[in-house]
Every structure is written in C-alpha cells, then in structure tokens.
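A.B. asks: Before I ask anything, let me first share the structure, which is written out below as structure tokens.
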Amino acid sequence: PVAAQRADERPGYHFAPARNWMNDPNGLVYYDGEYHLFYQYNPHGDRWGHMNWGHAVSRDLIHWQELPIAIPETRDVMAFSGSAVVDWKNTSGFGRGGKPPLVAVFTGHNPKAKLQSQYVAYSNDRGRTWIVHGEVLSVGSAEFRDPKVFWHEATKRWVMIAVMALENRAVIFTSTDLKQWTFASSFGPAGARGRNWECPDLFEMPVEGGAKGERKWVLSVNLGDNAVGGGSGGQYFVGGFDGRTFTPAPGWGGETRWMDYGADFYAAVTYNDLPSRDPRRIWIGWANDWRYAEVIPTWPSRGLMTVPRSLTLRRTADGYRIVQLPVQELQALRGAPRGPTALKLGDAPIPLPVDGGKAELEMDLDVGDAEQIAITLTDGQGWQTIVGVNPTGNEVFVDRTRSGPHFHDGFANRHVAPVEIKGKVRLRILVDESIVEVFVNGGEQTITDRFFRGGGPLSWSASARGGTATANLTAWPLQNSGTGG
Ligand code: FRU
C-alpha cells in the first residue's frame, strides 16, 4: 500500500474533479462564452466503473468549475466517451426558443447485451441539464465506440468518426440531422496497432510552412497499449478528407507519428465550435496510462487532464508534424519571472531559481561538449525525476526510474523523444506537483509524464555530465487555478 497523496502534492492548475475516478475528456465544445469539459467519471469510487459524463466549465480554459453530472449511466447502459456540437441550424430539431441546442453524441456501453452503440443527448440550457434522446446508431458490435462528430461545411453534413476498437479501424458516418447516420468509409489498420484503437478525431488545419493556402486533415487515434511510452498513447495521420473518406498524404506511412512520447498522454481530442474569432485547434489529453491508471497513488481523486494545448500543423523536412504548445491563457497564472539567467552546467548540480512544484521553465540550452544534461526535480525524501538531454543520441527524455515509491511495475521508466539536437535545444517545462509536460523546440515533440513523490517539497537543480553546457533560463512560479486534482 502507498500513502495517499498529500494535499500539498495535488496539482494546482491541471483539471481534476474534486473526488473519484476520471478518464477521457469528452464533449469538448465552446458555447456562449464557456468552454465545456465533460469527462468519463465514476461518481461512486476512485476506480473505473459506472461511467457517467462528468462536467466542468471554464471561461478561459484555465480556471474550471466542476458542475453536477451531465449524462448519467442508466441501469444497463454506461455513458462512454463521445463528443458534443453546437447544432447551429437546429438540424436535429432539438432546439427550443430559437437558440441552438448543444448535442452530445456518445457511446452507450451495454455489457449485458454485449453492445456498444451511439446515443444522442441534448441540452437547451447551456449544458446544465441533458435529455437523452436515445440510441441512434448500432452496427451490432460490442467494440464500436468513441464518436467524434463535427460539421463538414463543404458537404453540409455532420461527420462522425468512431472506432471498431479491436479491429484497429476508424469508421466514418455522415448525417444531416445527427440522428440518422449513413456509413461512408473505413480507415485502418494503419500505423501502430494495439489491443484496441480508441478515441479518434478528424480535423482540418492550415499548414505552416506549406504551399500558400495549403490545408490538410489530421486523423488522430489512440492505442490502449503498445504505444511509444510503453502503454497507452496516441498517433496521427495527415492527409485529405472529402466529407466521406480520409486519404493519407502521398508518401505518408512507414514511421508512426506519435502525439506525445511520454507515458501519460491519452485519449486527446480537440474542441468543437471555438468562436470564429479564434482560429486555434485545441486539445486536452488524459494524463494517464491504462497499465496503471487505477493504482496511481492519489486521493481523493484519481485522474488528471493535461493543460489545454494549441496545435499547429507544420511542414518540416521530415514531413507534416503536429506541434503543440500550452494555450497562451496559461500565462495568466505566471508570477514574477526569475531570469533570464545564464547558467553554466557541469558535474556539480547547481540549484535553479525555481520555488516549489508549480512552475514553468523556458530553457535555451547550448549543449557544448556535454554528454548528458539533466534538469532534476528532487523531493524531500531524495526521489528524483529528471528531464534530460542526450546530445549525441539525439534524445530528450524524462526519467522517472527513481521518481518515488513503487506502486506498479510498468511505471519506473525512461521516456524518450527523438530530437535532432545539433548543438542546441529549447525546452519549455511545465511542472505541477505530480505531472511534468515537456515541450521541445517550440512543441515539435512533447513528453508528458506523471510522477509521484515520497514526500516533502520539490527542489530543482541542473547539471551536465562529460563536459560543459550553457543555458539561458527563465522560470515562473505558476499560481494555483483552484481546479487541480
Ligand atoms: C478510452 C476508453 C474509451 C471508452 C472509455 C470508457 O480510455 O476506453 O474507448 O469509451 O474509455 O471509459
């Protein structure tokens, strides 16, 4: 048995419900000034089960207010993952009083009937209360889930992408009213395979560094196991979509594109219906791994979301790549900056000017002749989590092999992102007591890992092995946004 998480070790600016179990983000949608974050939630305990749609809202993506459960399980059917849209033209007919309804499309999981099928629910009061309309799409499968729905303007239709999980396939349906769905196409297996594919998404993005006006579609899908971090993780494909079929870009394929190289980035999906003045594509992931999700030593809530991240699709020498950065709203939590400070790193660890466990660091690193550079977080009992750079191996990594007391065999590991270092690397590091999110070179690679402490406050140091490195560091303490878990 491991000690419960102490109150001062709870993350302060990453969302978690006040208590109990949470997994995937669901129904990310913006409506009338509010960002909605629904999520897989068990109101009865801190392990998976009794899935309901929990609910939180925010006006800035940073300060969240937890609301009552949005969509409950029924006697036979749990409310599994799905999405939500604003039905602007009231195509569903669910709207009342001239205002567009919010419509949620989610998986009804019926274990007795061995059936997973897609359900629709709607709200006419800004997501506060929901009416379950009922099942709208079944293919008679026990593993058909996680519908992501969006409006496709060119064909004037709703599009749903879901998974046939065990077949490692994404399936696409279309509709004019969110109730009657017609099969359009299937994608996969492709790229990385696992026991299942889950939580797909499909969205269009402008290409940074591409031909003038170039736009591409991203199909993202998560794997329950067998991902780059050792367990659950996500991959994506880039190509075209005509409203019915996703076609990967020519030359695409071969090497898997991972969303994140850590162990704790899963089920990420993007927001629907951001206001038209906001051209961003934003996603949130569940900071967990199914291998150990149910036994991570936190209490009274178990499960945490990543910070919302803004995406760019960049054309690199290496093909199209998703680039991720924390949404700029997060900067509102910054306290007074420390630095920029010039650091000279060698064998003896030097303390970094960072106070405590809620912080953001921006470090421009000149690796010099060092063989390895380490930014080390040490807790009161000497447990250490390292963000490291290995210049000759072209690696940035998070090492949590000595992060804290043992609670699961799959946890103590090192997670590596391949990065061409060429003498320099820029790291942006977010730490929130028990989670580290590393954004490498402006977000071209990310590593998301949780770590659990033996106790006591965190202190920061940096060192270099086998040579000398220099760095320019700016660090900010981050305030608690009051919604941490
Ligand atoms: C992904 C997932 C989904 C499913 C939900 C159930 O983590 O397994 O496929 O809808 O969680 O809670």
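Chains: A, B, ... in order of the structure tokens. Residues: from 1 per chain. Ligands: from 1, in order shown.
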Once you count only C-alpha atoms and all ligand atoms, which residues end up within 8 Å of ligand 1, and could you hand them over as a list in words?
C.D. replies: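 The neighbouring residues of ligand 1 are, in order, Asn23, Asp24, Gln40, Tyr41, Trp48, Gly49, Met51, Ala79, Phe80, Ser81, Gly82, Thr107, Arg145, Asp146, Ala165, Trp197, Glu198, Cys199, Gly224, Tyr266, Ala267 and Trp290 of chain A.
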A.B. asks: Which residues, written as an MDAnalysis selection string, have at least one atom at most 7 Å from region 471-475 of chain A, with only C-alpha atoms counted and residues fewer than 5 positions away on the same chain left out?
C.D. replies: chainID A and resid 337:344 354 360:366
A.B. asks: Hey, what's within 6 Å of region 276-286 of chain A if we count only C-alpha atoms and toss same-chain stuff fewer than 2 positions away? As a PyMOL selection string, please?
C.D. replies: chain A and resi 24+265-271+288+305-306+308-311
A.B. asks: For Arg314 (chain A), which residue among A:Ala154, A:Ala211, A:Ala16, A:Leu102 is the nearest when counting only C-alpha atoms?
C.D. replies: A:Ala211
A.B. asks: If DSSP is run on the backbone, what residues of region 149-201 of chain A are strand (DSSP E)? A reply as a PyMOL selection string would be ideal.
C.D. replies: chain A and resi 149-152+157-164+169-175+182-187+197-201
A.B. asks: Could you pull out the residues in region 82-331 of chain A that DSSP calls helix (DSSP H, G or I) from the backbone, as a list in words?
C.D. replies: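 Those in region 82-331 of chain A that DSSP calls helix (DSSP H, G or I) are Ala165, Leu166, Glu167, Ala293, Glu294, Val295, Gln328, Glu329, Leu330 and Gln331 of chain A.
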A.B. asks: How would the residues just picked look written out with N, CA and C atoms as a PDB file, in the first residue's frame?
C.D. replies:
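Final file, part.pdb:
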```
ATOM      1  N   ALA A 165     -12.970  -0.899 -32.285  1.00  0.00           N
ATOM      2  CA  ALA A 165     -11.753  -0.850 -31.464  1.00  0.00           C
ATOM      3  C   ALA A 165     -10.813  -2.039 -31.697  1.00  0.00           C
ATOM      4  N   LEU A 166     -11.341  -3.238 -31.609  1.00  0.00           N
ATOM      5  CA  LEU A 166     -10.464  -4.415 -31.683  1.00  0.00           C
ATOM      6  C   LEU A 166      -9.901  -4.632 -33.074  1.00  0.00           C
ATOM      7  N   GLU A 167     -10.607  -4.122 -34.078  1.00  0.00           N
ATOM      8  CA  GLU A 167     -10.116  -4.257 -35.453  1.00  0.00           C
ATOM      9  C   GLU A 167      -9.084  -3.191 -35.802  1.00  0.00           C
ATOM     10  N   ALA A 293      -3.411   3.100 -14.478  1.00  0.00           N
ATOM     11  CA  ALA A 293      -4.321   4.215 -14.174  1.00  0.00           C
ATOM     12  C   ALA A 293      -5.087   4.016 -12.866  1.00  0.00           C
ATOM     13  N   GLU A 294      -5.468   2.787 -12.582  1.00  0.00           N
ATOM     14  CA  GLU A 294      -6.323   2.563 -11.407  1.00  0.00           C
ATOM     15  C   GLU A 294      -5.552   2.477 -10.104  1.00  0.00           C
ATOM     16  N   VAL A 295      -4.232   2.453 -10.191  1.00  0.00           N
ATOM     17  CA  VAL A 295      -3.468   2.310  -8.942  1.00  0.00           C
ATOM     18  C   VAL A 295      -2.522   3.474  -8.676  1.00  0.00           C
ATOM     19  N   GLN A 328      -2.074  29.960 -24.650  1.00  0.00           N
ATOM     20  CA  GLN A 328      -1.421  31.152 -24.099  1.00  0.00           C
ATOM     21  C   GLN A 328      -2.150  31.659 -22.850  1.00  0.00           C
ATOM     22  N   GLU A 329      -3.413  31.289 -22.671  1.00  0.00           N
ATOM     23  CA  GLU A 329      -4.165  31.710 -21.478  1.00  0.00           C
ATOM     24  C   GLU A 329      -3.446  31.305 -20.187  1.00  0.00           C
ATOM     25  N   LEU A 330      -2.667  30.238 -20.273  1.00  0.00           N
ATOM     26  CA  LEU A 330      -1.970  29.739 -19.092  1.00  0.00           C
ATOM     27  C   LEU A 330      -1.013  30.782 -18.510  1.00  0.00           C
ATOM     28  N   GLN A 331      -0.561  31.691 -19.364  1.00  0.00           N
ATOM     29  CA  GLN A 331       0.401  32.698 -18.896  1.00  0.00           C
ATOM     30  C   GLN A 331      -0.198  33.596 -17.819  1.00  0.00           C
TER      31      GLN A 331
END
```
A.B. asks: Neighbours of Ala469 (chain A) within 6 Å (only C-alpha atoms; same-chain residues fewer than 5 positions away dropped), as a PyMOL selection string?
C.D. replies: chain A and resi 345+366-368+370
A.B. asks: In Å to one decimal, how far is CA of Val438 (chain A) from CA of Ala249 (chain A)?
C.D. replies: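 So the answer is 28.6 Å.
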A.B. asks: Could you list, as a VMD selection string, every residue within 12 Å of Asp432 (chain A), counting only C-alpha atoms and ignoring same-chain residues fewer than 3 positions away?
C.D. replies: chain A and resid 8 to 15 304 to 307 355 to 361 377 429 435 to 438 448 to 452 457 to 458 477 to 481 483 to 485
A.B. asks: Calculated over only C-alpha atoms, which of the candidates A:Trp258, A:Phe241, A:Trp53, A:Trp158 has the smallest distance to Ser92 (chain A)?
C.D. replies: A:Trp158
A.B. asks: Could you tell me how far CA of Ala348 (chain A) sits from CA of Ala374 (chain A), in Å to one decimal place?
C.D. replies: 11.1 Å
A.B. asks: Please determine, counting only C-alpha atoms, which residue among A:Asp264, A:Asp242, A:Gly233, A:Trp88 has the shortest atom-to-atom distance to Asp177 (chain A).
C.D. replies: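 Answer, going by the shortest atom-to-atom distance: A:Trp88.
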A.B. asks: Which residues of region 120-189 of chain A come within 10 Å of region 25-38 of chain A, and for each one, what is the closest pair of atoms and their distance in Å to one decimal, counting only C-alpha atoms, sorted by chain and residue number, as a tab-separated table?
C.D. replies:
```
residue	atom	partner	partner_atom	distance
A:Arg126	CA	A:Tyr31	CA	7.1
A:Gly127	CA	A:His36	CA	8.1
A:Asp146	CA	A:Asn26	CA	9.0
A:Pro147	CA	A:Gly27	CA	9.8
A:Lys148	CA	A:Gly27	CA	8.4
A:Val149	CA	A:Gly27	CA	9.3
```
A.B. asks: Please compute the CA of Gly239 (chain A)-CA of Leu178 (chain A) distance, one decimal, in Å.
C.D. replies: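 CA of Leu178 (chain A) lies 25.3 Å from CA of Gly239 (chain A).
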A.B. asks: Leaving out Ala263 (chain A) and any residue of its chain fewer than 5 positions from it, which residues lie within 10 Å of it when counting only C-alpha atoms, given as a ChimeraX atom specification?
C.D. replies: /A:227-233,287-291,398,410-411,413-416,447-450
A.B. asks: Excluding same-chain residues fewer than 3 positions from region 113-121 of chain A, what lies within 6 Å of it counting only C-alpha atoms, as a PDB file with N, CA and C atoms, in the first residue's frame?
C.D. replies:
```pdb
ATOM      1  N   VAL A 103     -25.626  19.362 -28.632  1.00  0.00           N
ATOM      2  CA  VAL A 103     -25.955  17.949 -28.845  1.00  0.00           C
ATOM      3  C   VAL A 103     -24.715  17.111 -28.551  1.00  0.00           C
ATOM      4  N   ALA A 104     -24.876  16.127 -27.694  1.00  0.00           N
ATOM      5  CA  ALA A 104     -23.781  15.205 -27.357  1.00  0.00           C
ATOM      6  C   ALA A 104     -24.020  13.879 -28.063  1.00  0.00           C
ATOM      7  N   VAL A 105     -22.989  13.336 -28.633  1.00  0.00           N
ATOM      8  CA  VAL A 105     -23.068  12.008 -29.250  1.00  0.00           C
ATOM      9  C   VAL A 105     -22.061  11.147 -28.510  1.00  0.00           C
ATOM     10  N   PHE A 106     -22.537  10.085 -27.883  1.00  0.00           N
ATOM     11  CA  PHE A 106     -21.646   9.296 -27.021  1.00  0.00           C
ATOM     12  C   PHE A 106     -21.959   7.813 -27.178  1.00  0.00           C
ATOM     13  N   THR A 107     -21.083   6.999 -26.650  1.00  0.00           N
ATOM     14  CA  THR A 107     -21.282   5.556 -26.745  1.00  0.00           C
ATOM     15  C   THR A 107     -22.060   5.046 -25.553  1.00  0.00           C
ATOM     16  N   GLY A 108     -23.131   4.328 -25.827  1.00  0.00           N
ATOM     17  CA  GLY A 108     -23.837   3.597 -24.790  1.00  0.00           C
ATOM     18  C   GLY A 108     -23.199   2.216 -24.700  1.00  0.00           C
ATOM     19  N   HIS A 109     -22.685   1.924 -23.517  1.00  0.00           N
ATOM     20  CA  HIS A 109     -21.992   0.642 -23.316  1.00  0.00           C
ATOM     21  C   HIS A 109     -22.916  -0.262 -22.506  1.00  0.00           C
ATOM     22  N   ASN A 110     -23.384  -1.320 -23.159  1.00  0.00           N
ATOM     23  CA  ASN A 110     -24.325  -2.229 -22.504  1.00  0.00           C
ATOM     24  C   ASN A 110     -23.669  -3.603 -22.365  1.00  0.00           C
ATOM     25  N   ILE A 131     -31.046  15.903 -21.902  1.00  0.00           N
ATOM     26  CA  ILE A 131     -32.108  14.933 -22.156  1.00  0.00           C
ATOM     27  C   ILE A 131     -31.550  13.883 -23.099  1.00  0.00           C
ATOM     28  N   VAL A 132     -31.596  12.636 -22.686  1.00  0.00           N
ATOM     29  CA  VAL A 132     -31.080  11.580 -23.548  1.00  0.00           C
ATOM     30  C   VAL A 132     -32.167  11.207 -24.542  1.00  0.00           C
ATOM     31  N   HIS A 133     -31.888  11.482 -25.817  1.00  0.00           N
ATOM     32  CA  HIS A 133     -32.823  11.156 -26.881  1.00  0.00           C
ATOM     33  C   HIS A 133     -32.839   9.650 -27.118  1.00  0.00           C
ATOM     34  N   GLY A 134     -31.681   9.008 -27.031  1.00  0.00           N
ATOM     35  CA  GLY A 134     -31.628   7.556 -27.166  1.00  0.00           C
ATOM     36  C   GLY A 134     -30.606   7.111 -28.187  1.00  0.00           C
ATOM     37  N   GLU A 135     -30.654   5.832 -28.496  1.00  0.00           N
ATOM     38  CA  GLU A 135     -29.689   5.231 -29.431  1.00  0.00           C
ATOM     39  C   GLU A 135     -29.988   5.702 -30.842  1.00  0.00           C
ATOM     40  N   VAL A 136     -28.933   6.057 -31.576  1.00  0.00           N
ATOM     41  CA  VAL A 136     -29.128   6.476 -32.962  1.00  0.00           C
ATOM     42  C   VAL A 136     -28.362   5.617 -33.969  1.00  0.00           C
ATOM     43  N   LEU A 137     -27.350   4.877 -33.497  1.00  0.00           N
ATOM     44  CA  LEU A 137     -26.550   4.113 -34.464  1.00  0.00           C
ATOM     45  C   LEU A 137     -25.957   2.876 -33.808  1.00  0.00           C
ATOM     46  N   SER A 138     -26.321   1.725 -34.378  1.00  0.00           N
ATOM     47  CA  SER A 138     -25.749   0.474 -33.899  1.00  0.00           C
ATOM     48  C   SER A 138     -25.308  -0.343 -35.098  1.00  0.00           C
ATOM     49  N   SER A 141     -22.138  -4.345 -32.751  1.00  0.00           N
ATOM     50  CA  SER A 141     -20.797  -4.687 -32.254  1.00  0.00           C
ATOM     51  C   SER A 141     -20.663  -4.372 -30.768  1.00  0.00           C
ATOM     52  N   ALA A 142     -19.818  -5.125 -30.098  1.00  0.00           N
ATOM     53  CA  ALA A 142     -19.519  -4.852 -28.691  1.00  0.00           C
ATOM     54  C   ALA A 142     -18.333  -3.906 -28.541  1.00  0.00           C
ATOM     55  N   GLU A 143     -17.728  -3.504 -29.655  1.00  0.00           N
ATOM     56  CA  GLU A 143     -16.493  -2.711 -29.594  1.00  0.00           C
ATOM     57  C   GLU A 143     -16.525  -1.550 -30.585  1.00  0.00           C
ATOM     58  N   PHE A 144     -17.654  -0.861 -30.641  1.00  0.00           N
ATOM     59  CA  PHE A 144     -17.868   0.244 -31.580  1.00  0.00           C
ATOM     60  C   PHE A 144     -18.098   1.494 -30.754  1.00  0.00           C
TER      61      PHE A 144
END
```
A.B. asks: Would you mind telling me which residue in A:Ile373, A:Val425, A:His63, A:His44 lies nearest to Gly482 (chain A) when using only C-alpha atoms?
C.D. replies: A:His63
